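Enquirer: Input entry-v1.cif, format and content: mmCIF, C-alpha atoms.
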```cif
data_data
#
loop_
_atom_site.label_atom_id
_atom_site.label_comp_id
_atom_site.auth_asym_id
_atom_site.auth_seq_id
_atom_site.Cartn_x
_atom_site.Cartn_y
_atom_site.Cartn_z
CA MET A 1 -16.98 -24.74 37.10
CA PHE A 2 -13.95 -26.88 37.96
CA ILE A 3 -10.42 -25.97 37.01
CA TYR A 4 -7.91 -28.77 36.48
CA ILE A 5 -4.20 -28.11 36.74
CA MET A 6 -1.32 -30.57 36.36
CA ILE A 7 2.26 -29.92 37.45
CA LEU A 8 5.30 -31.44 35.81
CA MET A 9 8.81 -30.99 37.12
CA SER A 10 11.95 -30.36 35.13
CA THR A 11 15.62 -29.63 35.59
CA THR A 12 17.57 -27.34 33.30
CA GLU A 13 21.17 -26.68 32.31
CA GLY A 14 22.81 -29.85 33.50
CA SER A 15 23.08 -33.36 32.17
CA ARG A 16 23.59 -34.97 35.59
CA ALA A 17 20.59 -34.91 37.89
CA THR A 18 22.27 -33.41 40.97
CA GLU A 19 19.36 -31.01 41.29
CA VAL A 20 15.99 -32.70 41.61
CA ILE A 21 12.63 -30.95 41.67
CA THR A 22 9.33 -32.58 42.57
CA PRO A 23 5.80 -31.17 42.70
CA LYS A 24 3.99 -31.21 46.03
CA SER A 25 0.90 -32.50 44.17
CA GLU A 26 0.72 -33.80 40.62
CA ARG A 27 -2.84 -32.55 40.14
CA VAL A 28 -4.70 -29.60 41.58
CA PHE A 29 -8.43 -29.02 41.33
CA ALA A 30 -10.05 -25.67 42.06
CA LEU A 31 -13.25 -23.74 41.54
CA GLU A 32 -13.43 -20.61 39.46
CA GLY A 33 -12.45 -17.65 41.62
CA ASP A 34 -10.31 -19.72 44.01
CA ASN A 35 -6.74 -18.75 44.79
CA VAL A 36 -4.50 -21.64 43.71
CA THR A 37 -0.98 -22.44 44.91
CA LEU A 38 1.20 -24.83 42.91
CA SER A 39 4.26 -25.98 44.86
CA CYS A 40 7.56 -27.70 44.12
CA ASN A 41 10.37 -28.82 46.41
CA TYR A 42 13.93 -29.27 45.17
CA SER A 43 17.36 -30.44 46.23
CA GLY A 44 20.71 -28.99 45.33
CA SER A 45 21.93 -25.44 45.02
CA VAL A 46 20.05 -23.32 42.49
CA ARG A 47 20.21 -19.75 41.22
CA GLY A 48 16.87 -19.59 39.51
CA VAL A 49 13.42 -21.14 39.56
CA HIS A 50 11.21 -20.89 36.48
CA TRP A 51 7.49 -21.53 35.96
CA TYR A 52 5.92 -22.35 32.58
CA ARG A 53 2.36 -23.11 31.46
CA GLN A 54 1.40 -25.33 28.54
CA TYR A 55 -1.99 -25.65 26.91
CA ALA A 56 -2.86 -28.78 24.91
CA GLY A 57 -1.35 -28.62 21.43
CA SER A 58 0.79 -25.55 22.22
CA PRO A 59 4.41 -25.05 23.29
CA PRO A 60 5.22 -24.12 26.91
CA GLN A 61 4.76 -20.43 27.79
CA PHE A 62 7.17 -18.72 30.19
CA LEU A 63 5.29 -17.26 33.18
CA ILE A 64 7.75 -16.04 35.78
CA LEU A 65 11.29 -16.50 37.09
CA GLU A 66 12.99 -15.84 40.41
CA TYR A 67 16.75 -15.57 39.90
CA SER A 68 19.10 -14.75 42.81
CA GLY A 69 16.32 -12.86 44.61
CA VAL A 70 15.07 -10.92 41.57
CA THR A 71 11.69 -11.68 39.99
CA THR A 72 11.31 -11.46 36.21
CA GLU A 73 7.87 -11.69 34.64
CA ALA A 74 6.93 -12.65 31.11
CA ILE A 75 6.51 -9.85 28.58
CA PRO A 76 3.70 -8.98 28.68
CA PRO A 77 3.21 -10.08 32.30
CA VAL A 78 0.76 -12.89 32.92
CA PRO A 79 -1.98 -11.44 35.14
CA ARG A 80 -2.78 -12.92 38.56
CA VAL A 81 0.47 -14.93 38.74
CA THR A 82 3.16 -14.49 41.42
CA ILE A 83 6.14 -16.52 42.59
CA ASN A 84 7.20 -17.24 46.16
CA HIS A 85 10.67 -18.80 46.42
CA ARG A 86 11.80 -19.93 49.87
CA LYS A 87 15.43 -20.88 49.28
CA GLU A 88 16.12 -21.85 52.89
CA GLN A 89 13.36 -24.48 52.58
CA SER A 90 14.22 -25.47 48.97
CA HIS A 91 10.62 -24.70 48.04
CA VAL A 92 8.89 -22.60 45.38
CA ASP A 93 5.22 -21.69 44.90
CA LEU A 94 3.37 -20.36 41.89
CA GLU A 95 0.34 -18.48 43.13
CA ILE A 96 -2.64 -17.91 40.84
CA SER A 97 -5.22 -15.49 42.21
CA SER A 98 -8.89 -15.71 41.24
CA ALA A 99 -8.44 -18.75 39.00
CA THR A 100 -10.37 -18.92 35.75
CA VAL A 101 -11.10 -21.77 33.35
CA SER A 102 -8.28 -20.45 31.13
CA ASP A 103 -5.84 -21.38 33.93
CA SER A 104 -6.53 -25.08 33.28
CA ALA A 105 -3.21 -26.27 31.85
CA LEU A 106 -0.03 -28.22 32.45
CA TYR A 107 2.44 -26.24 34.60
CA TYR A 108 6.20 -26.79 34.78
CA CYS A 109 8.54 -25.77 37.57
CA ALA A 110 12.17 -25.82 36.44
CA LEU A 111 15.53 -25.14 38.07
CA GLU A 112 18.65 -23.33 37.00
CA PRO A 113 21.51 -24.93 38.93
CA THR A 114 24.23 -22.86 40.60
CA VAL A 115 27.03 -24.98 39.14
CA GLN A 116 27.07 -25.90 35.49
CA GLU A 117 28.86 -28.96 34.21
CA THR A 118 31.76 -28.39 31.81
CA GLN A 119 32.56 -30.83 29.05
#
```
Please rewrite the model in this file as structure tokens.

Expert:
Amino acid sequence: MFIYIMILMSTTEGSRATEVITPKSERVFALEGDNVTLSCNYSGSVRGVHWYRQYAGSPPQFLILEYSGVTTEAIPPVPRVTINHRKEQSHVDLEISSATVSDSALYYCALEPTVQETQ
């Protein structure tokens, strides 16, 4: 059975787009049991990188966050999901091991900028 995953990018905590994040691929197809890597590249200086998943008709669900070198998982943790943040390359991966049909969803990678704008 095929698994269909879409990635959408987002920026957070800043009204000016000095930090830009883009998915490596907008769509990912996999077979059940495959290991899947969703990737985003970004520009700018960031403290944190978040990943969310959204099923049709439901709000986004927090999956995992890497913030200043510390990983924080959802409570309860989402099984089979890990994050790999390579700051020196401005790149972040969400890795899903042994994908299942329930992993078919829209995924968001989002940034938390280092500098916040004051008003």

Enquirer: Select, from A:Ala99, A:Ser104, A:Asn84, A:Glu112, the residue with the minimum atom-to-atom distance to A:Leu31, counting only C-alpha atoms.

Expert: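 The answer is A:Ala99, which sits nearest to A:Leu31.
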
Enquirer: Out of A:Ser90, A:Ser25, A:Thr100, A:Thr72, which residue has the shortest atom-to-atom distance to A:His50 when counting only C-alpha atoms?

Expert: A:Thr72

Enquirer: Can you pull out the residues contacting A:Pro77? Cut-off 12 Å, using only C-alpha atoms, and skip same-chain residues under 2 positions away; I want them as a short mmCIF file (atom, residue, chain, number, x, y, z; two decimals) with C-alpha atoms, keeping the file's coordinate frame.

Expert:
```cif
data_model
loop_
_atom_site.label_atom_id
_atom_site.label_comp_id
_atom_site.auth_asym_id
_atom_site.auth_seq_id
_atom_site.Cartn_x
_atom_site.Cartn_y
_atom_site.Cartn_z
CA GLN A 61 4.76 -20.43 27.79
CA PHE A 62 7.17 -18.72 30.19
CA LEU A 63 5.29 -17.26 33.18
CA ILE A 64 7.75 -16.04 35.78
CA LEU A 65 11.29 -16.50 37.09
CA THR A 71 11.69 -11.68 39.99
CA THR A 72 11.31 -11.46 36.21
CA GLU A 73 7.87 -11.69 34.64
CA ALA A 74 6.93 -12.65 31.11
CA ILE A 75 6.51 -9.85 28.58
CA PRO A 79 -1.98 -11.44 35.14
CA ARG A 80 -2.78 -12.92 38.56
CA VAL A 81 0.47 -14.93 38.74
CA THR A 82 3.16 -14.49 41.42
#
```

Enquirer: Considering all atoms listed in the file, can you say which of A:His91, A:Arg53, A:His85, A:Asp103 comes closest to A:Val20?

Expert: A:His91

Enquirer: Using the chain letters and numbers from this file, what does the PyMOL selection byres ((chain A and resi 43) around 6) select? Give the answer as a list of chain:residue names.

Expert: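 When the PyMOL selection byres ((chain A and resi 43) around 6) is applied, the selected residues are A:Glu19, A:Val20, A:Tyr42, A:Gly44.
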
Enquirer: Give me the result of the PyMOL selection byres ((chain A and resi 94) around 9) on this file, residue by residue, as a PyMOL selection string.

Expert: chain A and resi 36-40+51+64+81-85+92-93+95-96+109

Enquirer: Taking into account only C-alpha atoms, which residue in the set A:Gly69, A:Gly57, A:Gly33, A:Pro23 is nearest to A:Arg86?

Expert: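 Checking each of A:Gly69, A:Gly57, A:Gly33, A:Pro23 against A:Arg86, counting only C-alpha atoms, the winner is A:Gly69.
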
Enquirer: Looking at A:Val78, A:Lys87, A:Glu26, A:Pro60, which one is nearest to A:Leu111, with distances taken over all atoms listed in the file?

Expert: A:Lys87
